[in-house]
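K.L.:
Okay, so here is target06.txt, and as you'll see once you scroll down, it has compact mmCIF, C-alpha atoms.
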```
# COMPACT_ATOMS: atom_id res chain seq x y z
CA MET A 4 68.79 83.91 84.04
CA PHE A 5 69.43 81.62 87.00
CA ILE A 6 71.93 82.63 89.71
CA SER A 7 73.79 80.40 92.14
CA VAL A 8 74.99 81.94 95.42
CA ILE A 9 77.86 80.07 97.07
CA ILE A 10 78.75 80.63 100.73
CA PRO A 11 82.02 79.03 101.88
CA VAL A 12 82.26 78.78 105.65
CA TYR A 13 84.40 77.39 108.44
CA ASN A 14 83.44 77.85 112.10
CA GLY A 15 81.17 80.71 111.13
CA GLU A 16 78.35 80.30 113.61
CA LYS A 17 78.41 84.02 114.44
CA GLY A 18 77.56 85.23 110.95
CA ILE A 19 76.32 82.36 108.81
CA GLU A 20 72.64 82.70 109.71
CA LYS A 21 72.48 86.35 108.63
CA ALA A 22 74.29 85.45 105.41
CA ILE A 23 71.77 82.68 104.70
CA GLN A 24 68.80 84.89 105.54
CA SER A 25 70.11 87.66 103.27
CA VAL A 26 69.98 85.28 100.31
CA LEU A 27 66.64 83.74 101.18
CA SER A 28 65.09 87.19 101.72
CA GLN A 29 65.67 87.99 98.05
CA GLU A 30 62.48 85.92 97.62
CA ARG A 31 63.24 84.73 94.12
CA ASN A 32 62.71 81.32 92.55
CA ASP A 33 65.59 81.85 90.12
CA VAL A 34 68.28 81.77 92.80
CA GLU A 35 69.86 78.72 94.42
CA LEU A 36 71.88 78.79 97.64
CA ILE A 37 74.87 76.47 98.10
CA ILE A 38 76.75 76.18 101.40
CA VAL A 39 80.24 74.67 101.45
CA ASP A 40 81.47 74.03 104.98
CA GLY A 41 85.11 73.18 105.67
CA GLY A 42 84.38 70.76 108.51
CA SER A 43 83.35 73.24 111.18
CA THR A 44 83.68 72.23 114.82
CA ASP A 45 81.22 74.82 116.16
CA ASN A 46 77.45 75.06 115.54
CA THR A 47 77.76 76.22 111.93
CA MET A 48 76.25 73.07 110.46
CA GLY A 49 73.49 73.03 113.04
CA ILE A 50 72.43 76.45 111.78
CA VAL A 51 72.80 75.41 108.13
CA LYS A 52 70.68 72.28 108.64
CA SER A 53 67.93 74.34 110.27
CA TYR A 54 67.45 75.91 106.81
CA ALA A 55 67.89 72.63 104.92
CA ASP A 56 64.47 72.83 103.30
CA ARG A 57 65.36 76.20 101.73
CA ILE A 58 69.01 75.58 100.83
CA SER A 59 69.53 73.97 97.45
CA LYS A 60 72.73 72.08 98.33
CA TYR A 61 75.19 71.90 101.18
CA LEU A 62 78.15 69.79 102.18
CA SER A 63 80.58 69.65 105.07
CA GLU A 64 84.08 68.24 104.69
CA ARG A 65 87.62 69.41 105.28
CA ASP A 66 89.25 71.62 102.66
CA SER A 67 92.44 73.64 102.24
CA GLY A 68 90.76 77.05 102.42
CA TYR A 69 88.26 79.33 100.75
CA ALA A 70 89.59 78.75 97.21
CA GLU A 71 88.99 75.01 97.37
CA ALA A 72 85.61 75.59 99.03
CA LEU A 73 84.55 77.89 96.19
CA ASN A 74 85.67 75.34 93.62
CA LYS A 75 83.53 72.69 95.33
CA GLY A 76 80.58 75.08 95.26
CA ILE A 77 81.11 75.84 91.58
CA ALA A 78 81.06 72.11 90.82
CA LEU A 79 77.65 71.89 92.53
CA ALA A 80 76.21 75.04 90.94
CA SER A 81 73.68 74.98 88.13
CA GLY A 82 73.13 78.72 87.65
CA ASP A 83 73.98 80.74 84.56
CA TYR A 84 75.94 83.06 86.85
CA ILE A 85 77.60 82.45 90.21
CA LEU A 86 77.92 84.90 93.09
CA MET A 87 80.36 84.21 95.94
CA LEU A 88 79.33 85.45 99.40
CA ALA A 89 81.54 85.21 102.48
CA ALA A 90 79.91 83.81 105.61
CA ASP A 91 80.56 87.12 107.42
CA ASP A 92 78.89 89.17 104.68
CA ARG A 93 75.29 89.68 103.60
CA LEU A 94 73.49 90.34 100.36
CA LEU A 95 71.74 93.69 100.39
CA PRO A 96 67.97 93.79 99.78
CA HIS A 97 67.13 93.55 96.08
CA ALA A 98 70.77 92.79 95.22
CA ILE A 99 69.78 90.05 92.77
CA ASP A 100 67.22 92.40 91.21
CA GLY A 101 69.97 94.95 90.68
CA ILE A 102 72.25 92.45 88.98
CA LYS A 103 69.58 90.95 86.74
CA SER A 104 68.17 94.30 85.64
CA SER A 105 71.63 95.65 84.80
CA ILE A 106 73.57 92.76 83.30
CA LYS A 107 74.08 92.75 79.53
CA ASP A 108 73.71 89.72 77.27
CA ASP A 109 77.43 89.50 76.47
CA THR A 110 78.68 90.11 80.03
CA ASP A 111 80.88 87.35 81.44
CA ILE A 112 81.77 89.02 84.75
CA TRP A 113 79.49 91.60 86.36
CA CYS A 114 81.05 93.68 89.17
CA GLY A 115 79.10 95.89 91.53
CA SER A 116 79.99 97.68 94.75
CA ILE A 117 79.87 96.84 98.44
CA LEU A 118 78.95 98.67 101.63
CA GLN A 119 80.93 98.34 104.84
CA MET A 120 79.41 99.10 108.21
CA LEU A 121 82.00 100.87 110.35
CA PRO A 122 81.77 102.26 113.89
CA TYR A 123 81.65 105.77 112.44
CA GLY A 124 79.43 105.23 109.41
CA ILE A 125 78.83 103.30 106.21
CA LYS A 126 81.62 103.18 103.64
CA HIS A 127 80.85 102.65 99.96
CA TRP A 128 83.54 100.64 98.12
CA LYS A 129 83.19 100.72 94.35
CA SER A 130 84.76 98.47 91.73
CA ASN A 131 87.22 100.23 89.45
CA PRO A 132 86.14 100.18 85.78
CA ASN A 133 89.80 100.63 84.75
CA LEU A 134 90.62 96.94 84.57
CA THR A 135 94.34 97.53 84.06
CA GLU A 136 94.44 98.41 87.77
CA LEU A 137 94.15 94.67 88.41
CA TYR A 138 97.85 94.47 87.56
CA HIS A 139 98.58 96.54 90.68
CA GLY A 140 96.07 95.17 93.18
CA CYS A 141 92.55 93.81 93.54
CA SER A 142 90.51 96.74 92.22
CA LEU A 143 87.21 94.84 91.85
CA ARG A 144 84.84 93.87 94.67
CA HIS A 145 84.69 90.10 94.82
CA PRO A 146 81.61 89.88 97.13
CA ALA A 147 79.70 91.95 94.54
CA THR A 148 80.71 89.93 91.48
CA ALA A 149 78.65 87.54 89.36
CA PHE A 150 80.68 85.18 87.14
CA ARG A 151 79.26 83.39 84.13
CA ARG A 152 79.47 79.74 85.20
CA LYS A 153 80.89 78.55 81.87
CA LEU A 154 84.04 80.63 82.48
CA PHE A 155 85.25 78.18 85.11
CA ALA A 156 85.06 75.28 82.66
CA LEU A 157 86.97 77.32 80.09
CA TYR A 158 89.65 78.92 82.26
CA GLY A 159 89.69 76.92 85.50
CA GLY A 160 88.59 77.61 89.05
CA TYR A 161 90.20 79.41 91.96
CA ASP A 162 93.90 78.69 92.42
CA THR A 163 94.29 76.91 95.75
CA ASP A 164 97.94 77.97 95.97
CA TYR A 165 96.68 81.35 97.21
CA LYS A 166 95.20 81.60 100.69
CA CYS A 167 94.08 85.24 100.52
CA ALA A 168 94.52 86.60 96.99
CA ALA A 169 92.84 83.92 94.86
CA ASP A 170 90.10 86.40 93.98
CA ARG A 171 92.55 88.85 92.40
CA GLU A 172 94.30 86.01 90.54
CA ILE A 173 91.07 84.78 88.99
CA PHE A 174 90.06 88.31 88.00
CA LEU A 175 93.40 88.79 86.24
CA ARG A 176 93.24 85.36 84.62
CA MET A 177 89.76 86.00 83.24
CA TYR A 178 90.76 89.50 82.10
CA THR A 179 93.85 88.31 80.22
CA LYS A 180 91.82 85.49 78.63
CA GLY A 181 89.41 88.03 77.17
CA ALA A 182 86.36 87.69 79.43
CA VAL A 183 83.87 90.55 79.03
CA PHE A 184 83.60 92.61 82.23
CA GLN A 185 80.78 94.95 83.19
CA VAL A 186 81.39 97.31 86.11
CA GLU A 187 78.43 99.08 87.70
CA ASP A 188 77.97 101.28 90.77
CA ILE A 189 75.25 99.06 92.19
CA PRO A 190 75.65 97.95 95.84
CA VAL A 191 75.30 94.19 96.21
CA ALA A 192 76.73 93.13 99.57
CA LEU A 193 77.28 94.37 103.09
CA PHE A 194 80.91 93.64 103.81
CA THR A 195 82.68 93.09 107.12
CA SER A 196 86.36 93.54 107.84
CA GLU A 197 86.65 90.08 109.39
CA GLY A 198 87.47 88.22 106.18
CA ILE A 199 90.71 86.30 105.81
CA SER A 200 92.16 88.73 103.25
CA ASN A 201 91.73 91.69 105.57
CA LYS A 202 92.98 89.96 108.70
CA ASN A 203 96.07 88.65 106.89
CA ALA A 204 96.73 91.47 104.43
CA LEU A 205 100.26 92.32 105.53
CA THR A 206 101.52 88.79 106.15
CA ILE A 207 99.81 86.77 103.40
CA ALA A 208 97.70 88.77 100.94
CA PHE A 209 100.26 91.41 99.91
CA PRO A 210 103.12 88.88 99.46
CA GLU A 211 100.76 86.77 97.34
CA ASP A 212 99.96 89.87 95.29
CA VAL A 213 103.63 90.17 94.33
CA ILE A 214 103.64 86.57 93.08
CA ILE A 215 100.45 87.15 91.10
CA SER A 216 101.72 90.40 89.57
CA GLU A 217 104.89 88.72 88.37
CA LYS A 218 102.86 85.78 87.03
CA TYR A 219 100.94 88.18 84.79
CA GLY A 220 103.94 90.09 83.46
CA VAL A 221 104.47 92.88 85.99
CA SER A 222 108.17 93.46 86.66
CA THR A 223 109.57 92.45 90.02
CA VAL A 224 110.49 96.08 90.70
CA GLN A 225 106.98 97.35 89.93
CA ALA A 226 105.35 94.51 91.87
CA GLU A 227 107.42 95.39 94.92
CA LYS A 228 106.53 99.09 94.53
CA ASP A 229 102.85 98.15 94.41
CA ARG A 230 103.22 95.99 97.52
CA ARG A 231 104.84 98.79 99.48
CA LEU A 232 102.24 101.29 98.31
CA ASN A 233 99.39 98.96 99.26
CA ILE A 234 100.95 98.40 102.69
CA ARG A 235 101.18 102.16 103.26
CA LYS A 236 97.57 102.59 102.20
CA CYS A 237 96.46 99.77 104.49
CA VAL A 238 98.35 101.09 107.52
CA LYS A 239 97.17 104.64 106.88
CA SER A 240 93.57 103.49 106.48
CA LYS A 241 93.68 101.58 109.77
CA ARG A 242 95.14 104.56 111.62
CA ILE A 243 92.53 106.92 110.22
CA ALA A 244 89.75 104.47 111.01
CA PHE A 245 91.01 104.15 114.59
CA LEU A 246 91.05 107.93 115.01
CA LYS A 247 87.59 108.29 113.49
CA CYS A 248 86.24 105.67 115.88
CA ILE A 249 87.55 107.61 118.86
CA LEU A 250 86.16 110.91 117.56
CA ALA A 251 82.82 109.30 116.78
CA LYS A 252 82.55 107.88 120.31
CA MET A 253 83.28 111.36 121.66
CA GLY A 254 80.60 112.84 119.39
CA LEU A 255 83.14 115.05 117.62
CA LEU A 256 83.48 113.47 114.18
CA SER A 257 80.43 115.10 112.60
CA PHE A 258 81.33 118.44 114.16
CA ILE A 259 84.86 118.34 112.73
CA TYR A 260 83.62 117.49 109.24
CA HIS A 261 81.10 120.33 109.49
CA LEU A 262 83.82 122.82 110.44
CA CYS A 263 85.95 121.68 107.50
CA GLY A 264 83.04 122.13 105.13
CA LYS A 265 83.16 118.48 104.11
CA GLY A 266 80.62 115.71 104.12
CA GLU A 267 80.60 112.86 106.58
CA ALA A 268 83.13 110.93 104.45
CA CYS A 269 80.68 108.05 104.78
CA MET A 270 77.21 107.43 103.47
CA ASN A 271 74.37 109.18 105.26
CA LYS A 272 70.63 108.61 105.13
CA LYS A 273 70.24 110.63 101.92
CA ASP A 274 73.09 108.77 100.23
CA LEU A 275 71.43 105.45 101.02
CA GLU A 276 68.08 106.67 99.72
CA ASN A 277 69.74 107.68 96.45
CA ILE A 278 70.68 104.05 95.85
CA GLY A 279 67.35 102.70 96.99
CA LEU A 280 68.30 101.65 100.51
CA ASN A 281 67.59 102.79 104.05
CA LEU A 282 69.26 102.19 107.39
CA GLN A 283 66.78 99.43 108.24
CA ASP A 284 67.96 97.52 105.15
CA ILE A 285 71.46 97.10 106.56
```
Would you encode the structure as structure tokens?

P.N.:
Amino acid sequence: MFISVIIPVYNGEKGIEKAIQSVLSQERNDVELIIVDGGSTDNTMGIVKSYADRISKYLSERDSGYAEALNKGIALASGDYILMLAADDRLLPHAIDGIKSSIKDDTDIWCGSILQMLPYGIKHWKSNPNLTELYHGCSLRHPATAFRRKLFALYGGYDTDYKCAADREIFLRMYTKGAVFQVEDIPVALFTSEGISNKNALTIAFPEDVIISEKYGVSTVQAEKDRRLNIRKCVKSKRIAFLKCILAKMGLLSFIYHLCGKGEACMNKKDLENIGLNLQDI
């Protein structure tokens, strides 16, 4: 099984090198790396070209956003499966090994989990095996997903009408078309909160979610309820994260969790070891 990894990027000089290195460090000859640059004006392409002898394909030209960039990458890909990696994210060590050892013969879309490095710890975000949750929000982890390449020829690529929520739309489209999903609790990528969907959740992503929900048969009333619920969750999460950051800087977060008889609420050294990772890996 051959895997293509596509990295779309625009003015990503701060993170692109680590993303590239995370793919190359998999040290496999059954993986190709494709970089699709949107016409960066910083040193992104200088960094990309410094790895030209180890990158399978790359191009740099203006596009309308990450959805179009991914479609361009898909057109260049030759792998049996395609993995999309944001320029701010990184593949975890042995991520490709985890996918290849787990994926079943009939699987069209394999979904793993992601880790997020936060100021107060490492958060583990899993994909939800209940696929009906896709009707209410993006419940699968796009940076940890491998798509069978043939699906894009059958059902189309990413919808460029969506600037932030094209990943959820394509998940729902593939699900309603009958694609076979496989959801595993296997960490694939280290995720940052700097992606376009997170930075524009309230103003772009959530409104797009309403449009997508209605497109796939969710009532306008329910779609609006889901939007409001997701907004509340997002705001609450940001407030809690802000408070945890302050407590962590003061050295009080661990003490408070200990008093409450709870864990760290984030992954610790033992948790990482249980999934075959260590702090040096991330």

K.L.:
From the options A:Gly115, A:Gly68, A:Gly82, A:Pro122, which residue's atoms come nearest to Thr163 of chain A, counting all atoms listed in the file?

P.N.:
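For Thr163 of chain A, the nearest of the given residues is A:Gly68.
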
K.L.:
Closest to Ile50 of chain A among A:Ala80, A:Ala22, A:Ala156, A:Ala251, using only C-alpha atoms?

P.N.:
A:Ala22

K.L.:
Rounded to one decimal in Å, what is the spacing between atom CA of Leu27 of chain A and atom CA of Ile58 of chain A?

P.N.:
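Interatomic distance, atom CA of Leu27 of chain A to atom CA of Ile58 of chain A: 8.5 Å.
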
K.L.:
Find the residue from A:Ser116, A:Thr148, A:Asn14, A:Ser53 that sits nearest to Ile278 of chain A; use all atoms listed in the file when measuring.

P.N.:
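Checking each candidate against Ile278 of chain A, we get A:Ser116 as the closest.
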
K.L.:
From the list A:Ser130, A:Ser240, A:Thr47, A:Ser7, which residue is nearest Leu143 of chain A when using only C-alpha atoms?

P.N.:
A:Ser130

K.L.:
At a cut-off of 10 Å, using only C-alpha atoms, what residues contact Ser67 of chain A? Leave out same-chain residues fewer than 4 positions from it and give the result as a PyMOL selection string.

P.N.:
chain A and resi 41+71-72+163-164+166

K.L.:
Excluding same-chain residues fewer than 6 positions from Gly42 of chain A, what lies within 9 Å of it counting all atoms listed in the file, as a list in words?

P.N.:
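Listing them by chain and then by number gives Val12, Tyr13, Asn14, Met48, Leu62, Ser63, Glu64, Arg65 and Asp66 of chain A.
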
K.L.:
Might you pull out every residue within 10 Å of Tyr54 of chain A, with all atoms listed in the file counted and same-chain residues fewer than 5 positions away left off, and present them as a ChimeraX atom specification?

P.N.:
/A:20,23-24,27,48-49,59

K.L.:
Nearest residue to Ala147 of chain A out of A:Ser43, A:Met253, A:Val8, A:Tyr165, using only C-alpha atoms?

P.N.:
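The answer is A:Val8, which sits nearest to Ala147 of chain A.
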
K.L.:
Pick from A:Asp111, A:Glu35, A:Asp83, A:Asp162: nearest to Gln185 of chain A, with only C-alpha atoms counted?

P.N.:
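For Gln185 of chain A, the nearest of the given residues is A:Asp111.
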
K.L.:
Please report the interatomic distance between atom CA of Ser25 of chain A and atom CA of Leu95 of chain A in Å with one decimal.

P.N.:
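Straight-line distance from atom CA of Ser25 of chain A to atom CA of Leu95 of chain A works out to 6.9 Å.
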
K.L.:
How many Å lie between atom CA of Gln29 of chain A and atom CA of Phe155 of chain A, rounded to one decimal?

P.N.:
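Spanning atom CA of Gln29 of chain A to atom CA of Phe155 of chain A is a straight-line distance of 25.4 Å.
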